[in-house]
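**Student:** Structure below; questions to follow.
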Amino acid sequence: MLRSSFAPSRQLLSSPIRQRVPSQWLSKAGASSRLSGQRFFADSKPPTSSPTPATPSSESTIPHENIPKPSEQDTKTPESAPAPAPRKRGSFRRFLLYLILTSGFAYGGSIFLALKSDNFHDFFTEYVPYGEECVLYFEERDFYRRFPNASRHSNRIVAAPREEGKPVTIPSKSGLSWKVTGEEESGSDVSKSGPHMSAKAHEGSTKTEAANPEQRTAAVTKAKEQKAAKTEAKSAPKEEKKEEKPVSLDEPRKPAVTTLNNIEFLKSQEGDESVVQELVKTFNDIVTVISADENAGKYSAPVAKAKEELQKIGEKISAIRSEASQAAQDELNKAHATFDESAKELVRRFEEVRSSDIASFREEFESEREKLALAYQDKIKVELQRAQDLAEQRLKNELVEQAIELNRKYVHEVKDLVEREREGRLSKLNELTANITELEKLTTGWSNVIDTNLKTQQLQVAVDAVRSVVERTEIPRPFVRELVAVKELAADDPVVDAAIASINPTAYQRGIPSTAMIVERFRRVASEVRKASLLPEDAGIASHAASMVLSKVMFKKDALADGDDVESILVRTESLLEEGQVDAAAREMNGLQGWAKILSKDWLADVRRVLEVKQALEVIETEARLQCLRVE
Amino acid sequence: MADSSESRPVARATKPVSEALLNEKWDRAISSMIIKSSLGLSFGVVFSVLLFKRRAWPAWVGLGFGAGRAWEEADSSFRRGDSPITQALRR
């Protein structure tokens with residue numbers, strides 16, 4: 001049912017949609033084609049239209065005129081067909097334009113912002129597509145815009161190393177030529193500070209290229225200037241160039257200064273002393289500074305003087321040093337001699353002392369050994385003596401012990417003898433006293449015998465009374481009083497007490513049935529038991545009824561018959577009861593099982609009570625008789 | 001003497017003599033049989049009158065129910081009387 005209902009509904013539902021969808025698609029396609037422009041028309045429609053005027057064949061006669069026509073038509077057709085299109089196209093173009101413009105602005109602005117603020121830069125590069133590339137490109141461009149200058153700078157800086165690179169080989173040659181001047185050392189010292197090093201290199205190069213000292217000084221000055229300029233950064237290079245020229249112009253003026261510098265370096269080489277070298281260094285620095293100045297000529301004379309002074313000082317210092325070294329050498333030699341002598345003396349003395357010591361130690365050793373030997377001998381003697389003493393003492397002790405033991409033995413023997421004597425006499429006395437006590441007992445016991453005799457007689461009477469109550473009555477009667485009397489008479493006799501305790505309390509409270517009553521009751525019980533004699537173990541009402549009916553049909557058995565069945569047991573007990581053996585009858589009835597036992601339970605309890613009472617009475621009687629016999 | 005005469009009847013009343021056990025059971029069984037079967041019969045008669053348009057069989061069914069119930073009770077009592085443990089419990 002559902003299917004049938006669904007299927008049409010589906011069709012109903014689906015059909016309009018399907019219809020719509022294709023229509024939409026078509027319309028969209030149309031729109032797109034309109035939007036895209038003439039191509040669609042050029043491909044599909046116009047060809048059809050243009051060929052259809054297959055009349056061209058007719059028009060082919062006038063092709064020149066006709067050819068433009070289709071083109072006109074084509075132009076027209078797009079115009080006519082996309083009459084609404086221009087708006088859309090225009091709007092779309094405008095939209096595209098706006099889009100591009102706005103995006104361009106946005107990107108430009110954001111790039112600008114990114115370049116300005118780091119925070120925005122991070123955001124832009126991370127979240128905006130192509131943002132990172134754009135920003136990178138602009139940054140790189142910015143960097144290159146700055147960099148060209150920097151690269152030129154670097155090039156300049158590199159150029160200098162190139163110049164230096166050449167000198168690197170050359171200084172070795174210059175070093176050879178400058179052996180006497182020993183500029184290398186000073187150069188090496190100066191090399192610790194960068195600028196000087198470069199200056200030296202310049203110097204070296206200048207020397208090799210043109211051995212003129214003037215040029216070299218110029219180079220030095222130039223280096224100095226550079227050093228100063230480096231602190232001033234960018235502004236420096238221009239000044240350098242400016243200053244270089246004046247230096248070169250000044251060349252003819254400065255020969256004196258330059259010579260001074262040369263001489264100075266020579267001296268600095270002479271002074272080995274570090275102090276002198278440092279002095280020379282500082283002086284050199286001063287000279288370079290002065291020479292760097294434009295009016296270096298003014299200071300040339302004082303500088304020369306100072307230089308001479310320095311030279312002198314250096315010479316003096318070297319002289320003093322040589323003298324001092326000479327004196328020190330002499331002193332050293334002297335000291336060596338004296339030390340050698342003293343050492344020899346010391347060795348000799350040491351030898352002497354050692355020999356004397358050896359002799360004394362040997363003597364001491366001998367004496368000590370003797371002493372030790374003596375001491376040990378003494379010790380041995382003492383030990384021996386002690387051992388002897390000990391042995392003697394032990395012997396003495398043993399003797400004393402033996403003496404003591406002997407003494408003790410004698411004492412014991414004496415004591416024993418005395419005791420024996422005494423006991424012999426005392427035992428006789430004891431015997432006499434025992435005899436006397438026995439006689440006394442006999443005399444006193446006689447009266448006891450009479451008493452016990454009386455008691456036993458009374459007991460026997462009481463027991464007889466009980467027996468008469470129990471046996472000679474037709475109706476069961478309680479015999480509590482009689483029993484109480486028996487108990488009182490028996491006093492503390494344990495046998496009587498036990499016998500009375502063995503009797504069931506109900507027996508003496510209610511009395512016990514006589515044998516005649518027991519037999520009579522047995523007859524009743526037997527008839528009941530016979531009714532239930534044929535019952536199986538777990539009997540229901542049906543089996544009870546069956547046994548009740550069937551037991552009346554059963555044959556009677558003989559008394560002598562042997563068997564475990566209920567009937568034979570009953571017959572046997574009956575015969576036993578008639579004979580008077582209640583005890584055996586009870587034992588027989590006790591052998592019954594099941595319902596028979598349950599039915600005969602009360603009868604059995606009665607019989608047992610009777611038997612208990614009879615047994616107790618017998619026990620008491622025998623006890624009384626025994627007591628009678630015991631009296632004598 | 002007075003004490004003993006008093007004690008005797010009390011004992012007889014409380015405790016049935018063992019040989020009379022079966023007889024008592026029989027008495028009970030028969031009486032319960034009569035009572036229950038009569039009750040069942042009466043119920044059956046009532047039902048037959050009320051529901052079954054005085055037909056005979058509901059009365060017989062009621063009688064059977066009552067008799068069966070009584071039979072079952074008696075049977076169980078006879079079965080139980082045998083064992084000493086239940087006797088001990090009954091006391």
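Ordering of the structure tokens sets the chain letters (A, B, ...), residue numbers begin anew at 1 in every chain, and ligands are numbered from 1 in the order given.
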Got a sec: who's within 12 Å of B:Ile30, counting only C-alpha atoms, leaving out chain neighbours fewer than 2 positions off, as a tab-separated table (two decimals) with all heavy atoms, in the first residue's frame?
**Tutor:**
chain	number	residue	atom	x	y	z
A	541	ILE	N	-2.76	-43.77	55.00
A	541	ILE	CA	-4.04	-44.15	55.61
A	541	ILE	C	-4.53	-45.48	55.03
A	541	ILE	O	-5.09	-46.32	55.74
A	541	ILE	CB	-5.09	-43.05	55.41
A	541	ILE	CG1	-6.35	-43.37	56.22
A	541	ILE	CG2	-5.41	-42.84	53.96
A	541	ILE	CD1	-7.28	-42.20	56.29
A	545	ALA	N	-5.41	-48.87	57.10
A	545	ALA	CA	-6.71	-49.52	57.06
A	545	ALA	C	-6.55	-50.99	56.68
A	545	ALA	O	-7.16	-51.90	57.31
A	545	ALA	CB	-7.60	-48.82	56.04
B	23	ASN	N	-5.78	-44.99	67.34
B	23	ASN	CA	-7.25	-44.85	67.43
B	23	ASN	C	-7.65	-43.39	67.30
B	23	ASN	O	-8.60	-43.05	66.59
B	23	ASN	CB	-7.75	-45.39	68.76
B	23	ASN	CG	-7.54	-46.90	68.83
B	23	ASN	OD1	-7.28	-47.53	67.79
B	23	ASN	ND2	-7.64	-47.46	70.03
B	24	GLU	N	-6.90	-42.59	68.02
B	24	GLU	CA	-7.20	-41.15	67.95
B	24	GLU	C	-7.06	-40.63	66.52
B	24	GLU	O	-7.90	-39.89	66.01
B	24	GLU	CB	-6.25	-40.39	68.87
B	24	GLU	CG	-6.76	-39.02	69.26
B	24	GLU	CD	-5.74	-38.29	70.10
B	24	GLU	OE1	-4.76	-38.93	70.54
B	24	GLU	OE2	-5.93	-37.09	70.30
B	25	LYS	N	-5.99	-41.06	65.89
B	25	LYS	CA	-5.77	-40.65	64.50
B	25	LYS	C	-6.94	-41.07	63.64
B	25	LYS	O	-7.44	-40.31	62.81
B	25	LYS	CB	-4.48	-41.29	63.97
B	25	LYS	CG	-3.24	-40.46	64.25
B	25	LYS	CD	-2.03	-41.10	63.62
B	25	LYS	CE	-0.76	-40.58	64.23
B	25	LYS	NZ	-0.59	-39.14	64.02
B	26	TRP	N	-7.42	-42.30	63.85
B	26	TRP	CA	-8.55	-42.81	63.07
B	26	TRP	C	-9.79	-41.95	63.31
B	26	TRP	O	-10.46	-41.55	62.36
B	26	TRP	CB	-8.86	-44.27	63.45
B	26	TRP	CG	-8.02	-45.22	62.64
B	26	TRP	CD1	-7.09	-46.09	63.10
B	26	TRP	CD2	-8.07	-45.40	61.23
B	26	TRP	NE1	-6.53	-46.79	62.11
B	26	TRP	CE2	-7.10	-46.38	60.91
B	26	TRP	CE3	-8.81	-44.80	60.20
B	26	TRP	CZ2	-6.87	-46.79	59.62
B	26	TRP	CZ3	-8.57	-45.22	58.91
B	26	TRP	CH2	-7.62	-46.20	58.62
B	27	ASP	N	-10.01	-41.63	64.58
B	27	ASP	CA	-11.17	-40.78	64.90
B	27	ASP	C	-11.10	-39.48	64.13
B	27	ASP	O	-12.04	-39.05	63.47
B	27	ASP	CB	-11.19	-40.45	66.41
B	27	ASP	CG	-11.55	-41.68	67.22
B	27	ASP	OD1	-11.87	-42.70	66.59
B	27	ASP	OD2	-11.48	-41.59	68.47
B	28	ARG	N	-9.93	-38.86	64.20
B	28	ARG	CA	-9.77	-37.56	63.54
B	28	ARG	C	-9.98	-37.68	62.05
B	28	ARG	O	-10.65	-36.85	61.43
B	28	ARG	CB	-8.36	-37.02	63.80
B	28	ARG	CG	-8.41	-36.13	64.98
B	28	ARG	CD	-7.43	-35.06	65.02
B	28	ARG	NE	-7.41	-34.71	66.44
B	28	ARG	CZ	-6.35	-34.38	67.10
B	28	ARG	NH1	-5.20	-34.34	66.48
B	28	ARG	NH2	-6.44	-34.08	68.36
B	32	SER	N	-12.90	-35.75	60.07
B	32	SER	CA	-12.52	-34.74	59.05
B	32	SER	C	-13.05	-35.14	57.70
B	32	SER	O	-13.48	-34.29	56.90
B	32	SER	CB	-11.01	-34.55	59.01
B	32	SER	OG	-10.42	-35.63	58.34
B	33	MET	N	-13.04	-36.47	57.45
B	33	MET	CA	-13.58	-36.96	56.17
B	33	MET	C	-15.03	-36.57	56.02
B	33	MET	O	-15.44	-36.01	54.99
B	33	MET	CB	-13.42	-38.48	56.14
B	33	MET	CG	-13.92	-39.17	54.89
B	33	MET	SD	-12.73	-39.08	53.58
B	33	MET	CE	-11.57	-40.33	54.10
B	34	ILE	N	-15.77	-36.84	57.09
B	34	ILE	CA	-17.21	-36.54	57.02
B	34	ILE	C	-17.43	-35.05	56.82
B	34	ILE	O	-18.17	-34.61	55.94
B	34	ILE	CB	-17.92	-37.03	58.32
B	34	ILE	CG1	-17.93	-38.55	58.33
B	34	ILE	CG2	-19.33	-36.47	58.41
B	34	ILE	CD1	-18.17	-39.13	59.72
B	35	ILE	N	-16.74	-34.26	57.65
B	35	ILE	CA	-16.96	-32.80	57.62
B	35	ILE	C	-16.58	-32.23	56.26
B	35	ILE	O	-17.33	-31.49	55.63
B	35	ILE	CB	-16.16	-32.12	58.74
B	35	ILE	CG1	-16.75	-32.46	60.09
B	35	ILE	CG2	-16.12	-30.61	58.52
B	35	ILE	CD1	-15.82	-32.16	61.24
B	36	LYS	N	-15.41	-32.62	55.77
B	36	LYS	CA	-14.92	-32.00	54.54
B	36	LYS	C	-15.72	-32.43	53.33
B	36	LYS	O	-16.02	-31.62	52.44
B	36	LYS	CB	-13.44	-32.31	54.36
B	36	LYS	CG	-12.65	-31.46	55.31
B	36	LYS	CD	-11.20	-31.52	55.15
B	36	LYS	CE	-10.64	-30.52	56.17
B	36	LYS	NZ	-9.23	-30.69	56.36
B	37	SER	N	-16.07	-33.71	53.32
B	37	SER	CA	-16.86	-34.18	52.18
B	37	SER	C	-18.23	-33.51	52.18
B	37	SER	O	-18.72	-33.11	51.12
B	37	SER	CB	-17.00	-35.70	52.18
B	37	SER	OG	-17.48	-36.12	53.44
B	67	ALA	N	-13.66	-34.99	50.07
B	67	ALA	CA	-13.17	-36.29	50.53
B	67	ALA	C	-11.68	-36.41	50.26
B	67	ALA	O	-10.91	-36.87	51.11
B	67	ALA	CB	-13.94	-37.41	49.80
B	70	ALA	N	-9.66	-34.47	52.81
B	70	ALA	CA	-9.63	-35.16	54.11
B	70	ALA	C	-8.69	-36.35	54.04
B	70	ALA	O	-7.88	-36.58	54.95
B	70	ALA	CB	-11.04	-35.61	54.48
B	71	TRP	N	-8.82	-37.09	52.97
B	71	TRP	CA	-7.95	-38.27	52.76
B	71	TRP	C	-6.49	-37.85	52.83
B	71	TRP	O	-5.69	-38.46	53.52
B	71	TRP	CB	-8.28	-38.89	51.39
B	71	TRP	CG	-7.39	-40.04	51.04
B	71	TRP	CD1	-6.15	-39.99	50.50
B	71	TRP	CD2	-7.69	-41.41	51.25
B	71	TRP	NE1	-5.63	-41.22	50.34
B	71	TRP	CE2	-6.57	-42.14	50.81
B	71	TRP	CE3	-8.81	-42.12	51.78
B	71	TRP	CZ2	-6.51	-43.52	50.85
B	71	TRP	CZ3	-8.73	-43.50	51.79
B	71	TRP	CH2	-7.60	-44.19	51.35
B	73	GLU	N	-5.13	-35.26	54.20
B	73	GLU	CA	-4.74	-34.84	55.55
B	73	GLU	C	-4.47	-36.03	56.44
B	73	GLU	O	-3.44	-36.12	57.13
B	73	GLU	CB	-5.87	-34.00	56.17
B	73	GLU	CG	-5.37	-32.76	56.86
B	73	GLU	CD	-6.52	-31.84	57.20
B	73	GLU	OE1	-7.36	-32.25	58.02
B	73	GLU	OE2	-6.59	-30.73	56.65
B	74	ALA	N	-5.40	-36.97	56.39
B	74	ALA	CA	-5.27	-38.16	57.24
B	74	ALA	C	-4.02	-38.93	56.86
B	74	ALA	O	-3.26	-39.37	57.73
B	74	ALA	CB	-6.50	-39.03	57.07
B	75	ASP	N	-3.85	-39.05	55.57
B	75	ASP	CA	-2.68	-39.80	55.10
B	75	ASP	C	-1.40	-39.18	55.61
B	75	ASP	O	-0.50	-39.87	56.14
B	75	ASP	CB	-2.70	-39.79	53.57
B	75	ASP	CG	-1.76	-40.81	53.00
B	75	ASP	OD1	-1.83	-41.98	53.43
B	75	ASP	OD2	-0.93	-40.43	52.13
**Student:** For chain B, report every residue with an atom at most 7 Å from chain A (counting only C-alpha atoms), formatted as a PyMOL selection string.
**Tutor:** chain B and resi 4+17-19+21+74-76+78-79+82
**Student:** Those residues with C-alpha atoms, as an mmCIF file, in the first residue's frame please?
**Tutor:**
data_model
loop_
_atom_site.group_PDB
_atom_site.id
_atom_site.type_symbol
_atom_site.label_atom_id
_atom_site.label_comp_id
_atom_site.auth_asym_id
_atom_site.auth_seq_id
_atom_site.Cartn_x
_atom_site.Cartn_y
_atom_site.Cartn_z
ATOM 1 C CA SER B 4 -1.717 -38.190 93.936
ATOM 2 C CA VAL B 17 -1.709 -43.185 76.114
ATOM 3 C CA SER B 18 0.615 -44.494 73.485
ATOM 4 C CA GLU B 19 -1.558 -47.465 72.545
ATOM 5 C CA LEU B 21 -2.458 -43.020 69.359
ATOM 6 C CA ALA B 74 -5.271 -38.158 57.236
ATOM 7 C CA ASP B 75 -2.678 -39.798 55.096
ATOM 8 C CA SER B 76 -0.105 -37.154 55.940
ATOM 9 C CA PHE B 78 -0.488 -41.189 59.568
ATOM 10 C CA ARG B 79 2.757 -40.879 57.697
ATOM 11 C CA ASP B 82 5.679 -42.884 62.464
#
**Student:** Write out as a count of residues only the residues lying within 10 Å of A:Val619, counting only C-alpha atoms and excluding same-chain residues fewer than 6 positions away.
**Tutor:** 7
**Student:** Name all residues at most 10 Å from B:Phe47 (count only C-alpha atoms; drop same-chain ones fewer than 6 positions away) and give them as JSON, numbers by chain.
**Tutor:** {"B": [41, 53, 54, 55, 58, 59, 62]}
**Student:** Applying 12 Å and only C-alpha atoms, which residues near A:Arg523 remain after dropping the ones on its own chain fewer than 6 positions away? List them as a list in words.
**Tutor:** Ala516, Met517, Val529, Arg530, Leu570, Val571, Thr573, Glu574, Ser575, Leu577, Glu578, Ser600 and Trp603 of chain A; Glu19 of chain B
**Student:** Hey, can you spit out that residue selection with C-alpha atoms as a PDB file, in the first residue's frame?
**Tutor:**
ATOM      1  CA  ALA A 516      -1.471 -57.869  87.453  1.00  0.00           C
ATOM      2  CA  MET A 517      -2.111 -54.390  86.122  1.00  0.00           C
ATOM      3  CA  VAL A 529       0.017 -53.473  68.246  1.00  0.00           C
ATOM      4  CA  ARG A 530      -1.396 -56.439  66.384  1.00  0.00           C
ATOM      5  CA  LEU A 570       3.939 -60.422  71.295  1.00  0.00           C
ATOM      6  CA  VAL A 571       3.254 -64.106  71.946  1.00  0.00           C
ATOM      7  CA  THR A 573       6.197 -61.524  75.870  1.00  0.00           C
ATOM      8  CA  GLU A 574       2.793 -62.721  76.894  1.00  0.00           C
ATOM      9  CA  SER A 575       4.149 -66.107  77.856  1.00  0.00           C
ATOM     10  CA  LEU A 577       4.635 -62.226  81.623  1.00  0.00           C
ATOM     11  CA  GLU A 578       2.522 -65.221  82.580  1.00  0.00           C
ATOM     12  CA  SER A 600       3.947 -49.947  73.190  1.00  0.00           C
ATOM     13  CA  TRP A 603       3.599 -49.667  78.572  1.00  0.00           C
TER      14      TRP A 603
ATOM     15  CA  GLU B  19      -1.558 -47.465  72.545  1.00  0.00           C
TER      16      GLU B  19
END
**Student:** Can you work out which one of B:Leu22, B:Leu39, B:Ala29, B:Val49 has the shortest atom-to-atom distance to B:Leu63, counting only C-alpha atoms?
**Tutor:** B:Leu39
**Student:** Give me, please, the distance in Å between atom CA of A:Thr444 and atom CA of A:Cys628, quoted to one decimal.
**Tutor:**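 About the pair atom CA of A:Thr444 and atom CA of A:Cys628: they are 18.4 Å apart.
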**Student:** Which distance in Å separates atom CA of A:Arg94 and atom CA of A:Gly131, to one decimal?
**Tutor:** 25.0 Å
